[in-house]
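Take a look at the structure below.
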Amino acid sequence: MAFAPPARHLLRAKDLADAQYYEPLDVDDMAGAAGLSRAHFSREFRRTFGESPHAYLLTRRLERAASLLRATDRSVAEICFDVGLKSVGSFTTSFTRTFGVSPTAYRAAFPPASDYALVPACVLRAYGRPQHRTFREDNARAHG
């Protein structure tokens with residue numbers, strides 16, 4: 001097997017964090033994806049990307065939480081757990097530090113989620129169909 005530069009290994013770990021942020025991932029899981037020891041992985045990740053693996057994973061989770069706060073009416077606690085965090089208090093503290101406002105205040109700054117509610121296409125099709133199901137029925141009523 002050919003030697004791959006460390007950056008490729010680090011990208012595997014970064015991709016894992018991006019794709020599975022909602023899972024109970026930690027730095028050990030990311031280091032495993034990179035095929036490096038935890039300490040070596042953490043040093044290389046920070047050197048390459050400018051932040052620790054833990055900070056990167058937390059940032060991905062908080063970005064997703066912000067999106068859910070804007071677009072859903074789920075509770076702050078539900079969103080906290082949906083993005084892979086385990087403590088609502090820690091989530092609120094981290095969110096406030098990152099975004100400058102609490103999750104509740106952040107949500108209040110955007111229109112309610114109901115403004116974004118879309119009617120599923122299958123419902124639109126069902127209610128948009130003609131009342132008469134066949135061509136002959138439609139034709140008979142028009143001539144009869």
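Labeling convention for the structure tokens: chains A, B, ... as they appear, residues from 1 per chain, ligands from 1 in order of appearance.
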Write out as a PyMOL selection string which residues come within 10 Å of stretch 108-114 of chain A when counting only C-alpha atoms, dropping same-chain ones fewer than 3 positions away. chain A and resi 68-74+101-105+117-118
As a compact mmCIF listing (two decimals) with N, CA and C atoms, in the first residue's frame, please: the residues near A:His9 (cut-off 9 Å, only C-alpha atoms, same-chain neighbours under 5 positions excluded).
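Saved as part.txt:
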```
# COMPACT_ATOMS: atom_id res chain seq x y z
N ALA A 4 0.33 7.53 2.12
CA ALA A 4 -0.51 8.70 1.85
C ALA A 4 -0.05 9.83 2.77
N LYS A 14 -11.67 14.64 9.37
CA LYS A 14 -12.52 15.82 9.21
C LYS A 14 -13.84 15.43 8.53
N ALA A 31 -9.15 10.26 15.54
CA ALA A 31 -7.77 9.80 15.41
C ALA A 31 -7.74 8.42 14.76
N ALA A 33 -9.93 7.25 12.63
CA ALA A 33 -10.23 7.42 11.21
C ALA A 33 -8.98 7.89 10.45
N ALA A 34 -8.13 8.64 11.13
CA ALA A 34 -6.90 9.13 10.51
C ALA A 34 -5.78 8.11 10.59
N GLY A 35 -5.97 7.09 11.42
CA GLY A 35 -4.93 6.08 11.57
C GLY A 35 -3.73 6.58 12.36
N LEU A 36 -3.97 7.52 13.27
CA LEU A 36 -2.88 8.09 14.07
C LEU A 36 -3.20 7.96 15.56
```
Excluding same-chain residues fewer than 5 positions from A:Phe45, what lies within 12 Å of it counting only C-alpha atoms, as a ChimeraX atom specification? /A:6-14,27,30-31,34,36-40,50-57
Could you write out the selected residues, including N, CA, C and O atoms, as a short mmCIF file (atom, residue, chain, number, x, y, z; two decimals), in the first residue's frame?
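Heads up, here's the output in selection33.cif:
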```cif
data_model
loop_
_atom_site.label_atom_id
_atom_site.label_comp_id
_atom_site.auth_asym_id
_atom_site.auth_seq_id
_atom_site.Cartn_x
_atom_site.Cartn_y
_atom_site.Cartn_z
N PRO A 6 0.01 12.81 5.44
CA PRO A 6 -0.83 12.97 6.63
C PRO A 6 -2.10 13.77 6.36
O PRO A 6 -3.12 13.52 6.94
N ALA A 7 -2.04 14.74 5.48
CA ALA A 7 -3.22 15.56 5.21
C ALA A 7 -4.40 14.70 4.76
O ALA A 7 -5.53 14.96 5.12
N ARG A 8 -4.13 13.66 3.98
CA ARG A 8 -5.22 12.78 3.53
C ARG A 8 -5.85 12.09 4.73
O ARG A 8 -7.07 11.97 4.83
N HIS A 9 -5.03 11.63 5.66
CA HIS A 9 -5.54 10.98 6.87
C HIS A 9 -6.36 11.98 7.69
O HIS A 9 -7.41 11.65 8.22
N LEU A 10 -5.85 13.19 7.77
CA LEU A 10 -6.56 14.22 8.53
C LEU A 10 -7.90 14.56 7.86
O LEU A 10 -8.89 14.81 8.56
N LEU A 11 -7.92 14.55 6.55
CA LEU A 11 -9.18 14.82 5.85
C LEU A 11 -10.21 13.72 6.12
O LEU A 11 -11.41 14.01 6.20
N ARG A 12 -9.74 12.48 6.26
CA ARG A 12 -10.68 11.40 6.62
C ARG A 12 -11.33 11.69 7.96
O ARG A 12 -12.53 11.49 8.14
N ALA A 13 -10.54 12.15 8.91
CA ALA A 13 -11.08 12.46 10.24
C ALA A 13 -12.04 13.65 10.16
O ALA A 13 -13.10 13.66 10.79
N LYS A 14 -11.67 14.64 9.37
CA LYS A 14 -12.52 15.82 9.21
C LYS A 14 -13.84 15.43 8.53
O LYS A 14 -14.91 15.88 8.93
N VAL A 27 -12.44 12.61 20.03
CA VAL A 27 -11.14 12.76 19.37
C VAL A 27 -10.53 11.39 19.07
O VAL A 27 -9.89 11.20 18.03
N MET A 30 -11.93 10.17 15.83
CA MET A 30 -11.35 10.91 14.71
C MET A 30 -9.91 10.47 14.46
O MET A 30 -9.49 10.30 13.31
N ALA A 31 -9.15 10.26 15.54
CA ALA A 31 -7.77 9.80 15.41
C ALA A 31 -7.74 8.42 14.76
O ALA A 31 -6.89 8.13 13.91
N ALA A 34 -8.13 8.64 11.13
CA ALA A 34 -6.90 9.13 10.51
C ALA A 34 -5.78 8.11 10.59
O ALA A 34 -4.76 8.26 9.93
N LEU A 36 -3.97 7.52 13.27
CA LEU A 36 -2.88 8.09 14.07
C LEU A 36 -3.20 7.96 15.56
O LEU A 36 -4.36 7.80 15.93
N SER A 37 -2.17 8.04 16.39
CA SER A 37 -2.41 8.06 17.83
C SER A 37 -3.14 9.36 18.17
O SER A 37 -3.05 10.35 17.44
N ARG A 38 -3.83 9.37 19.30
CA ARG A 38 -4.59 10.54 19.70
C ARG A 38 -3.71 11.80 19.79
O ARG A 38 -4.06 12.86 19.27
N ALA A 39 -2.57 11.67 20.45
CA ALA A 39 -1.70 12.83 20.66
C ALA A 39 -1.13 13.34 19.33
O ALA A 39 -1.16 14.54 19.05
N HIS A 40 -0.63 12.42 18.51
CA HIS A 40 -0.07 12.83 17.22
C HIS A 40 -1.16 13.42 16.33
O HIS A 40 -0.96 14.45 15.67
N GLY A 50 -5.65 24.63 12.09
CA GLY A 50 -5.69 25.83 12.93
C GLY A 50 -6.59 25.74 14.13
O GLY A 50 -6.80 26.75 14.81
N GLU A 51 -7.15 24.59 14.41
CA GLU A 51 -7.96 24.40 15.61
C GLU A 51 -7.89 22.94 16.03
O GLU A 51 -7.53 22.07 15.24
N SER A 52 -8.23 22.69 17.28
CA SER A 52 -8.16 21.32 17.78
C SER A 52 -9.29 20.48 17.17
O SER A 52 -10.31 21.03 16.74
N PRO A 53 -9.12 19.17 17.14
CA PRO A 53 -10.20 18.31 16.63
C PRO A 53 -11.49 18.49 17.43
O PRO A 53 -12.58 18.52 16.85
N HIS A 54 -11.36 18.64 18.74
CA HIS A 54 -12.54 18.83 19.58
C HIS A 54 -13.27 20.12 19.19
O HIS A 54 -14.49 20.14 19.06
N ALA A 55 -12.52 21.19 19.01
CA ALA A 55 -13.12 22.48 18.62
C ALA A 55 -13.79 22.37 17.26
O ALA A 55 -14.88 22.92 17.05
N TYR A 56 -13.17 21.66 16.33
CA TYR A 56 -13.76 21.49 15.00
C TYR A 56 -15.09 20.76 15.09
O TYR A 56 -16.09 21.19 14.52
N LEU A 57 -15.11 19.65 15.83
CA LEU A 57 -16.34 18.87 15.99
C LEU A 57 -17.42 19.69 16.68
O LEU A 57 -18.58 19.69 16.25
#
```
Selection near stretch 83-90 of chain A, 9 Å with only C-alpha atoms, sequence-local residues under 2 positions removed, as a count of residues only: 22
Taking the DSSP assignment computed from this structure's backbone, write out as a ChimeraX atom specification all residues of chain A that belong to helix (DSSP H, G or I). /A:6-19,27-34,38-49,53-71,76-82,88-99,103-108,113-116,121-128,135-143
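One distance worth recording is that between atom CA of A:Thr98 and atom CA of A:Ser67, which is 13.8 Å.
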Atom CA of A:Val123 to atom CA of A:Ser75: how many Å, to one decimal?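 Here the two named atoms are 27.0 Å from each other.
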Kindly give the distance, in Å, that separates atom CA of A:Phe41 and atom CA of A:Asp26, rounded to a single decimal.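 These two atoms are separated by 12.3 Å.
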